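J.: Please see the structure below; I have some questions.
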Amino acid sequence: MTLDGDLPSPHSLLLANHLSWLDIVILGGSVGTAFVAKDNLGHGLLHWLADQNGTIYVRRENRRDSRSQALEIAQALHGSRPVTVFPEGTTGPGDQLLPFRSSLIEAATYAERDVEVRPVAIDYGAATAEVTWFNEAGLDNVRRILGRKGRLPVTVHLLALLSRDLDRKALARAAHEVVARALAASSSAPARL
């Protein structure tokens, strides 16, 4: 794994693309971030593991409550480590960057401290299609990825800070643009604009 860019400060809201459950392992291990996840992760072991990392759970189907969910994330940003949101909201086939949803990005507006908003591009390069989790049962995906031979190249691009003066929709657009640009610049990755 390669880290490209400066490590985030503890009070950072990281906005990362999302291709696989590996993203969580990679970001958690490399930058020590907590995550925002849907409250219905499925298997009890997954919830237990997520709890050990201080995961903030949101109910995606309850869109009327997005303000209180953003406030909860803002509170977590006052803690001692960064918090990662996957604004795509799900994983995709890896051939393009999905649109960034803005509702949880509003946490940056509600945070009291000088929270930094930082886009992150997780780049598996030529191995992107091999690691994506899309239209596949979770256990099958885990088996397939863990059974893969050879090293898995991944670069975590910690991109330039975004201005907190932008509203949540402008932050989502700006983050999407810089993450897409970083992924497109990868010499071995398919275009994901």
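FYI, nothing fancy with the structure tokens labels: chains A, B, ... in order, residues from 1 per chain, ligands from 1 as they appear.
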Would you mind writing down, as number ranges by chain, each residue of stretch 28-187 of chain A that DSSP on the backbone assigns to alpha helix (DSSP H)?
T.: A: 28-31, 44-52, 66-76, 107-110, 128-131, 138-146, 168-185
J.: Give me the residues near stretch 151-166 of chain A as a ChimeraX atom specification, where near means some atom within 10 Å (using only C-alpha atoms) and where sequence neighbours in that chain fewer than 5 positions away do not count.
T.: /A:1-8,12-16,23,26-27,30-31,106,108-109,114-128,130-131,145,171-172,174-175,178-179,182-183,186
J.: Pick out the closest residue to A:Lys38 from this set: A:Arg113, A:Arg143, A:Lys149, A:Arg59. Count only C-alpha atoms.
T.: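 Of A:Arg113, A:Arg143, A:Lys149, A:Arg59, the one nearest A:Lys38, counting only C-alpha atoms, is A:Arg59.
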J.: Please return as a list of chain:residue names: the residues of stretch 5-188 of chain A that backbone DSSP assigns to strand (DSSP E).
T.: A:Ser12, A:Leu13, A:Leu14, A:Leu15, A:Ala16, A:Ala34, A:Phe35, A:Val36, A:Ala37, A:Lys38, A:Ile56, A:Tyr57, A:Val58, A:Val83, A:Thr84, A:Val85, A:Glu116, A:Val117, A:Arg118, A:Pro119, A:Val120, A:Ala121, A:Ile122, A:Asp123, A:Thr155, A:Val156, A:His157, A:Leu158
J.: Would you please work out which residue, of A:Leu146, A:Leu97, A:Val25, A:Ala107, is nearest to A:Glu177 when using only C-alpha atoms?
T.: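 For A:Glu177, the nearest of the given residues is A:Leu97.
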J.: When you look at A:Val142 with a cut-off of 12 Å (counting only C-alpha atoms), what residues show up, excluding the ones that are within fewer than 6 positions of it in the same chain? I need them as a PyMOL selection string.
T.: chain A and resi 20-22+130-133+136+148
J.: Based on the selection just made, write C-alpha atoms of those residues as an mmCIF file, in the first residue's frame.
T.:
data_model
loop_
_atom_site.group_PDB
_atom_site.id
_atom_site.type_symbol
_atom_site.label_atom_id
_atom_site.label_comp_id
_atom_site.auth_asym_id
_atom_site.auth_seq_id
_atom_site.Cartn_x
_atom_site.Cartn_y
_atom_site.Cartn_z
ATOM 1 C CA SER A 20 -14.990 -2.857 -1.475
ATOM 2 C CA TRP A 21 -15.022 -3.818 2.185
ATOM 3 C CA LEU A 22 -11.230 -3.658 1.764
ATOM 4 C CA GLU A 130 -10.884 -7.772 -9.027
ATOM 5 C CA VAL A 131 -11.729 -6.104 -5.723
ATOM 6 C CA THR A 132 -15.084 -4.493 -6.364
ATOM 7 C CA TRP A 133 -18.063 -5.743 -4.420
ATOM 8 C CA GLU A 136 -22.090 -10.633 -5.304
ATOM 9 C CA ARG A 148 -6.545 -13.986 -4.872
#
